[in-house]
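Next up, input23.csv (CSV, C-alpha atoms):
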```csv
chain,number,residue,atom,x,y,z
A,104,MET,CA,46.7,38.6,1.7
A,105,THR,CA,44.8,41.1,3.9
A,106,HIS,CA,42.6,42.0,1.0
A,107,LEU,CA,41.7,38.4,0.3
A,108,HIS,CA,40.9,37.8,4.0
A,109,LEU,CA,38.7,40.9,4.1
A,110,THR,CA,37.0,39.9,0.9
A,111,SER,CA,36.2,36.4,2.1
A,112,LEU,CA,34.8,37.9,5.4
A,113,VAL,CA,32.5,40.2,3.4
A,114,LEU,CA,31.5,37.3,1.2
A,115,SER,CA,30.6,35.3,4.4
A,116,PHE,CA,28.5,38.2,5.7
A,117,ILE,CA,26.7,38.5,2.4
A,118,LEU,CA,26.0,34.7,2.3
A,119,LEU,CA,24.7,34.8,5.9
A,120,ILE,CA,22.3,37.6,5.0
A,121,ILE,CA,21.1,35.6,2.0
A,122,ILE,CA,20.5,32.5,4.1
A,123,VAL,CA,18.7,34.4,6.8
A,124,ILE,CA,16.4,36.2,4.3
A,125,GLN,CA,15.6,32.9,2.7
A,126,GLN,CA,14.9,31.3,6.1
A,127,ASN,CA,12.5,34.2,6.8
A,128,LYS,CA,10.7,33.5,3.6
A,129,GLY,CA,10.5,29.8,4.5
A,130,ASN,CA,12.9,28.7,1.7
A,131,TYR,CA,15.9,27.2,3.4
A,132,SER,CA,18.5,26.0,0.9
A,133,LYS,CA,21.4,23.7,1.9
A,134,ILE,CA,23.3,24.8,-1.1
A,135,TRP,CA,23.8,28.4,0.3
A,136,HIS,CA,24.7,26.9,3.6
A,137,MET,CA,27.4,24.7,2.0
A,138,VAL,CA,28.8,27.7,0.0
A,139,LEU,CA,29.0,29.6,3.3
A,140,ARG,CA,30.9,26.8,4.9
A,141,ALA,CA,33.3,26.8,2.0
A,142,SER,CA,33.8,30.5,2.5
A,143,TYR,CA,34.7,29.6,6.2
A,144,LEU,CA,37.6,27.6,4.8
A,145,LEU,CA,38.8,30.6,2.8
A,146,VAL,CA,38.5,32.8,5.9
A,147,ILE,CA,40.4,30.3,8.1
A,148,GLY,CA,43.0,29.7,5.5
A,149,THR,CA,43.8,33.4,4.8
A,150,GLY,CA,43.6,34.2,8.6
A,151,THR,CA,46.1,31.4,9.2
A,152,ILE,CA,48.5,32.8,6.6
A,153,LEU,CA,48.1,36.3,8.1
A,154,PHE,CA,48.7,35.0,11.6
A,155,PHE,CA,51.9,33.2,10.7
A,156,SER,CA,53.2,35.9,8.4
A,157,ALA,CA,53.6,38.3,11.4
A,158,TYR,CA,57.2,39.0,12.3
A,159,SER,CA,56.5,38.5,16.0
A,160,ILE,CA,53.1,37.4,17.1
A,161,PRO,CA,51.8,39.6,19.9
A,162,ILE,CA,49.0,38.5,22.2
A,163,SER,CA,46.4,40.6,20.3
A,164,TYR,CA,46.8,38.2,17.3
A,165,TYR,CA,46.0,35.2,19.5
A,166,PHE,CA,43.0,37.1,20.9
A,167,LYS,CA,41.7,38.0,17.4
A,168,THR,CA,42.2,34.3,16.3
A,169,ILE,CA,40.1,33.0,19.2
A,170,ILE,CA,37.4,35.7,18.6
A,171,GLY,CA,37.4,34.8,14.9
A,172,ILE,CA,36.7,31.2,15.6
A,173,VAL,CA,33.9,32.2,18.0
A,174,MET,CA,32.5,34.3,15.1
A,175,ILE,CA,32.4,31.3,12.8
A,176,GLY,CA,30.6,29.4,15.5
A,177,LEU,CA,28.1,32.2,15.9
A,178,PHE,CA,27.4,32.1,12.1
A,179,GLU,CA,26.5,28.5,12.4
A,180,MET,CA,24.5,28.8,15.6
A,181,VAL,CA,22.4,31.6,14.1
A,182,ILE,CA,21.6,29.6,11.0
A,183,VAL,CA,20.9,26.3,12.7
A,184,ARG,CA,18.8,27.8,15.5
A,185,LYS,CA,16.8,29.9,13.0
A,186,GLN,CA,16.2,26.8,10.9
A,187,LYS,CA,14.9,24.9,14.0
A,188,GLY,CA,12.6,27.8,14.8
A,189,LYS,CA,14.3,28.8,18.1
A,190,SER,CA,15.0,32.3,19.3
A,191,THR,CA,18.1,33.9,17.9
A,192,ASP,CA,17.9,37.3,19.6
A,193,LEU,CA,20.8,36.7,22.0
A,194,LEU,CA,22.9,35.2,19.3
A,195,TRP,CA,22.4,38.3,17.1
A,196,ILE,CA,23.5,40.5,19.9
A,197,ALA,CA,26.6,38.4,20.5
A,198,PHE,CA,27.2,38.3,16.8
A,199,SER,CA,27.1,42.1,16.6
A,200,ILE,CA,29.4,42.6,19.5
A,201,VAL,CA,31.9,40.0,18.3
A,202,SER,CA,31.9,41.4,14.7
A,203,VAL,CA,32.6,45.0,16.0
A,204,ILE,CA,35.5,43.6,18.1
A,205,LEU,CA,36.9,41.7,15.2
A,206,PHE,CA,36.8,44.6,12.8
A,207,VAL,CA,38.4,47.0,15.3
A,208,LEU,CA,41.1,44.5,16.0
A,209,GLY,CA,41.6,43.7,12.4
A,210,PHE,CA,42.0,47.3,11.4
A,211,THR,CA,44.2,48.3,14.3
A,212,LEU,CA,46.7,45.4,14.2
A,213,PRO,CA,49.9,46.0,12.3
A,214,GLN,CA,48.9,43.9,9.3
A,215,GLY,CA,45.5,45.7,9.1
A,216,PHE,CA,44.6,48.8,7.1
A,217,ASP,CA,45.2,52.4,8.3
A,218,LEU,CA,41.8,54.0,7.9
A,219,LEU,CA,43.0,57.5,8.8
A,220,LYS,CA,45.5,57.9,5.9
```
The structure given in the file should be rewritten as structure tokens.
Amino acid sequence: MTHLHLTSLVLSFILLIIIVIQQNKGNYSKIWHMVLRASYLLVIGTGTILFFSAYSIPISYYFKTIIGIVMIGLFEMVIVRKQKGKSTDLLWIAFSIVSVILFVLGFTLPQGFDLLK
């Protein structure tokens, strides 16, 4: 299930990049935005399964869950603020910080990957 969760996260990042590039060109497409929202469901679903499949749930899993929900909110805020023509600089900084925290937590928690092997 970890592989599916990571794949859906990468898919979401790719879709976000596609949407932002299209917005920079002036071609906003609601279809891509809806596909991204559908990928959120996949991320939330696989994350929920991973959360409840833990033998005992330490506090770090709760922290990662809350940060993950914040990340999905940042995805939406970046897209909508960019569409409205507002500044997204602070949101991109927050997005970068939160994504680094999520990936570090995801790879260091017991159900994550061991990158050093």
The residue from A:Leu139, A:Leu144, A:Gln126, A:Ile200 with the smallest atom-to-atom distance to Met174 of chain A, counting all atoms listed in the file, is A:Ile200
Would you mind listing what lies within 12 Å of Leu208 of chain A as a tab-separated table (two decimals) with C-alpha atoms, in the coordinates of the input, with only C-alpha atoms counted and same-chain residues fewer than 2 positions away left out?
```
chain	number	residue	atom	x	y	z
A	162	ILE	CA	49.00	38.50	22.20
A	163	SER	CA	46.40	40.60	20.30
A	164	TYR	CA	46.80	38.20	17.30
A	165	TYR	CA	46.00	35.20	19.50
A	166	PHE	CA	43.00	37.10	20.90
A	167	LYS	CA	41.70	38.00	17.40
A	168	THR	CA	42.20	34.30	16.30
A	169	ILE	CA	40.10	33.00	19.20
A	170	ILE	CA	37.40	35.70	18.60
A	171	GLY	CA	37.40	34.80	14.90
A	201	VAL	CA	31.90	40.00	18.30
A	202	SER	CA	31.90	41.40	14.70
A	203	VAL	CA	32.60	45.00	16.00
A	204	ILE	CA	35.50	43.60	18.10
A	205	LEU	CA	36.90	41.70	15.20
A	206	PHE	CA	36.80	44.60	12.80
A	210	PHE	CA	42.00	47.30	11.40
A	211	THR	CA	44.20	48.30	14.30
A	212	LEU	CA	46.70	45.40	14.20
A	213	PRO	CA	49.90	46.00	12.30
A	214	GLN	CA	48.90	43.90	9.30
A	215	GLY	CA	45.50	45.70	9.10
A	216	PHE	CA	44.60	48.80	7.10
A	217	ASP	CA	45.20	52.40	8.30
```
Exercise: residues within 12 Å of coordinate (22.2, 35.4, 19.3), counting all atoms listed in the file, as a PyMOL selection string: chain A and resi 174+176-185+189-201
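Of note, atom CA of Lys187 of chain A and atom CA of Val138 of chain A are spaced 19.9 Å apart.
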Protein and nucleic acid residues near (33.2, 37.2, 2.5) (cut-off 12 Å, only C-alpha atoms) as number ranges by chain: A: 106-120, 138-147, 149, 175
Got a sec: who's within 8 Å of Tyr131 of chain A, counting all atoms listed in the file, leaving out chain neighbours fewer than 4 positions off, as a PyMOL selection string? chain A and resi 122+125-126+186
Tell me, in Å to one decimal, how far atom CA of Met104 of chain A is from atom CA of Ile172 of chain A. 18.7 Å
In Å, rounded to a single decimal, give me how far atom CA of His136 of chain A is from atom CA of Gly148 of chain A. 18.6 Å
